[in-house]
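Here's the structure we're looking at; comments come further down.
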Amino acid sequence: MQGSMFNTWKPMWVVLLEDGIEFYKRKSDNSPKGMIPLKGSTINSPCQDFGKRMFVFKLTAAKQQDHFFQASYLEERDAWVRDIKKAIQCIDGGQRFARKSTRKSIRLPETINLSALYLSMKDPEKGIKELKLEKDKKVFNHCFTGTAVIDWLVSSNSIRNRKEGLMLASSLLNEGYLQPAGDTSKAAAEGLSDTPFLDLSDAYYYFPDSGFFCEGNSSDDDVVLKEEFRGMIVKQGCLLKQGHRRKNWKVRKFVLREDPAYLHYYDPAGGEDPLGAIHLRGCVVTAVEDMPDSKKYDVENNLFEIITASEVHYYLQAASSAERTEWIKAIQSVARTGK
């Protein structure tokens with residue numbers, strides 16, 4: 001987002017209200033950084049003011065202040081533009097704006113921090129155990145059941161009962177901290193069940209950056225195809241990657257495929273299984289000129305950042321400026337078209 005309060009582009013969490021747009025620095029923030037009134041505003045899409053930025057639209061407030069927003073992909077931009085236009089029309093016509101959604105409204109106590117809860121759930125020792133599960137002739141790797149999630153929430157004293165757990169897990173799912181795996185959980189997440197999250201032993205879920213993949217048997221049950229690795233390779237090569245815990249930088253081999261939208265990374269010394277994966281659907285990727293501790297690790301040039309839909313930040317370094325540009329364009333393309 002770029003607007004009157006910011007001279008540079010910054011990722012923000014944006015909320016569309018009946019009469020305005022609020023934007024927050026993080027999803028978990030209680031108070032917004034600012035608010036743009038919609039009364040008397042106009043919207044322009046597509047916006048060509050920034051030649052190198054795709055999926056930008058411009059909102060001009062009543063006081064002729066321009067605010068620019070960049071979506072992650074075409075469908076997302078068009079959805080925002082459509083809803084904002086409808087909200088402006090409702091204001092002009094004296095009607096109440098209500099955006100249709102398959103997700104039910106979920107209210108949680110202000111004391112619950114979903115981001116901190118997510119980190120606790122991923123704890124290698126005390127968190128939810130990632131398993132290899134089988135269903136309908138498919139093998140789901142690095143995932144867990146809906147029942148396991150509710151069990152963990154109860155045992156960690158995060159909730160008082162399973163009904164509260166269902167509400168909390170649904171919120172984690174809606175905010176992107178959990179992802180559905182398999183037809184049962186996906187159907188519920190799309191609004192085909194009473195709740196977005198299912199407390200069932202045959203409903204599977206996974207963490208968005210866990211390296212999840214699904215193996216599906218072919219028709220003759222002899223050949224196993226890894227669905228996550230079936231797509232054509234768009235780009236591959238070695239990049240420096242910053243670790244999330246120790247913040248040190250290591251060389252990793254990255255493989256980007258066109259479908260599904262994952263960027264896998266491997267030990268360059270060898271090994272068939274990935275060390276991890278970055279889910280690209282809905283991500284934002286941009287060039288970075290500077291970052292904390294970059295001088296300490298001598299990684300000042302050719303940096304770029306990937307911010308996933310669940311707000312996980314990845315910092316990477318390419319060998320040259322041209323290679324960085326190639327990686328950014330390739331990732332943006334896959335993020336728009338991949339699943």
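Here's how to read the names in the structure tokens: chain A, B, ... by the order shown, residue numbers from 1 in each chain, ligand numbers from 1 in the order shown.
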*So which residues of range 89-179 of chain A fall under strand (DSSP E or B) by DSSP, listed as a VMD selection string?*
chain A and resid 131 to 135 138 to 145 179
_Can you pull out the residues contacting Val285 in chain A? Cut-off 9 Å, using only C-alpha atoms, and skip same-chain residues under 2 positions away; I want them as number ranges by chain._
A: 72, 283, 287, 304-308, 328-329, 331-332
*Within 12 Å of Gly127 in chain A using only C-alpha atoms, minus same-chain residues under 2 positions, as an NGL selection string*: :A and (117-125 or 129-130 or 144 or 148-149 or 151-153 or 155-156 or 207)
*Two-atom distance - CA of Glu258 in chain A, CA of Ala330 in chain A (Å)*: 9.1 Å
*Write out as a ChimeraX atom specification which residues come within 12 Å of range 188-191 of chain A when counting only C-alpha atoms, dropping same-chain ones fewer than 2 positions away.*
/A:100-104,146,169-176,178-186,193-200,203-205
*asked:* If we count only C-alpha atoms and set the cut-off at 8 Å, which residues sit around Gln242 in chain A, ignoring sequence neighbours fewer than 3 positions away in its own chain? Please answer as a ChimeraX atom specification.
replied: /A:247-250,314-316
_Please list as a PyMOL selection string every residue within 10 Å of Leu16 in chain A, counting only C-alpha atoms and excluding residues in the same chain fewer than 5 positions away._
chain A and resi 21-23+35-36+38+80+83-84+87+99
*asked:* Given only C-alpha atoms as the basis, pick out the residue of A:Val154, A:Val312, A:Ile233, A:Leu17 nearest to Leu166 in chain A.
replied: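 Nearest candidate to Leu166 in chain A out of A:Val154, A:Val312, A:Ile233, A:Leu17: A:Val154.
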Shell of 9 Å around Ile88 in chain A, only C-alpha atoms, local chain residues under 5 positions omitted, as a compact mmCIF listing (two decimals) with N, CA, C and O atoms, in the first residue's frame:
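In the end it all went to out25.txt:
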# COMPACT_ATOMS: atom_id res chain seq x y z
N GLU A 18 -18.23 -0.52 6.33
CA GLU A 18 -19.39 0.04 5.63
C GLU A 18 -19.08 1.41 5.03
O GLU A 18 -19.54 1.73 3.94
N ASP A 19 -18.29 2.19 5.77
CA ASP A 19 -18.07 3.58 5.37
C ASP A 19 -16.62 3.94 5.15
O ASP A 19 -16.28 5.12 4.96
N GLY A 20 -15.72 2.98 5.20
CA GLY A 20 -14.32 3.32 5.03
C GLY A 20 -13.41 2.09 4.98
O GLY A 20 -13.87 0.96 5.07
N LEU A 38 -14.89 6.45 2.70
CA LEU A 38 -15.32 6.13 1.34
C LEU A 38 -16.33 7.13 0.78
O LEU A 38 -16.52 7.19 -0.45
N LYS A 39 -16.97 7.90 1.63
CA LYS A 39 -17.96 8.85 1.14
C LYS A 39 -17.29 9.88 0.23
O LYS A 39 -16.34 10.56 0.63
N GLY A 40 -17.78 9.98 -0.99
CA GLY A 40 -17.21 10.92 -1.94
C GLY A 40 -15.95 10.45 -2.62
O GLY A 40 -15.33 11.20 -3.37
N SER A 41 -15.55 9.18 -2.37
CA SER A 41 -14.33 8.66 -2.96
C SER A 41 -14.61 8.06 -4.34
O SER A 41 -15.74 7.70 -4.67
N THR A 42 -13.57 7.95 -5.13
CA THR A 42 -13.65 7.29 -6.44
C THR A 42 -12.53 6.26 -6.53
O THR A 42 -11.49 6.40 -5.88
N ASP A 83 -15.88 -4.86 -4.40
CA ASP A 83 -16.48 -4.64 -3.09
C ASP A 83 -16.43 -3.17 -2.69
O ASP A 83 -17.37 -2.63 -2.08
N GLY A 93 -26.35 5.83 -2.07
CA GLY A 93 -27.77 5.53 -2.12
C GLY A 93 -28.44 5.42 -0.78
O GLY A 93 -29.62 5.07 -0.68
N PHE A 97 -24.06 -1.40 3.40
CA PHE A 97 -23.21 -2.33 2.64
C PHE A 97 -22.93 -3.58 3.47
O PHE A 97 -22.57 -3.51 4.63
_I'd like to know which of A:Phe55, A:Phe140, A:Phe68, A:Tyr262 is closest to Ile43 in chain A, using only C-alpha atoms._
A:Phe68
*Could you state the separation of CA of Thr286 in chain A and CA of Ser321 in chain A in Å, given to one decimal place?*
12.7 Å
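Here CA of His142 in chain A stands at a distance of 14.1 Å from CA of His264 in chain A.
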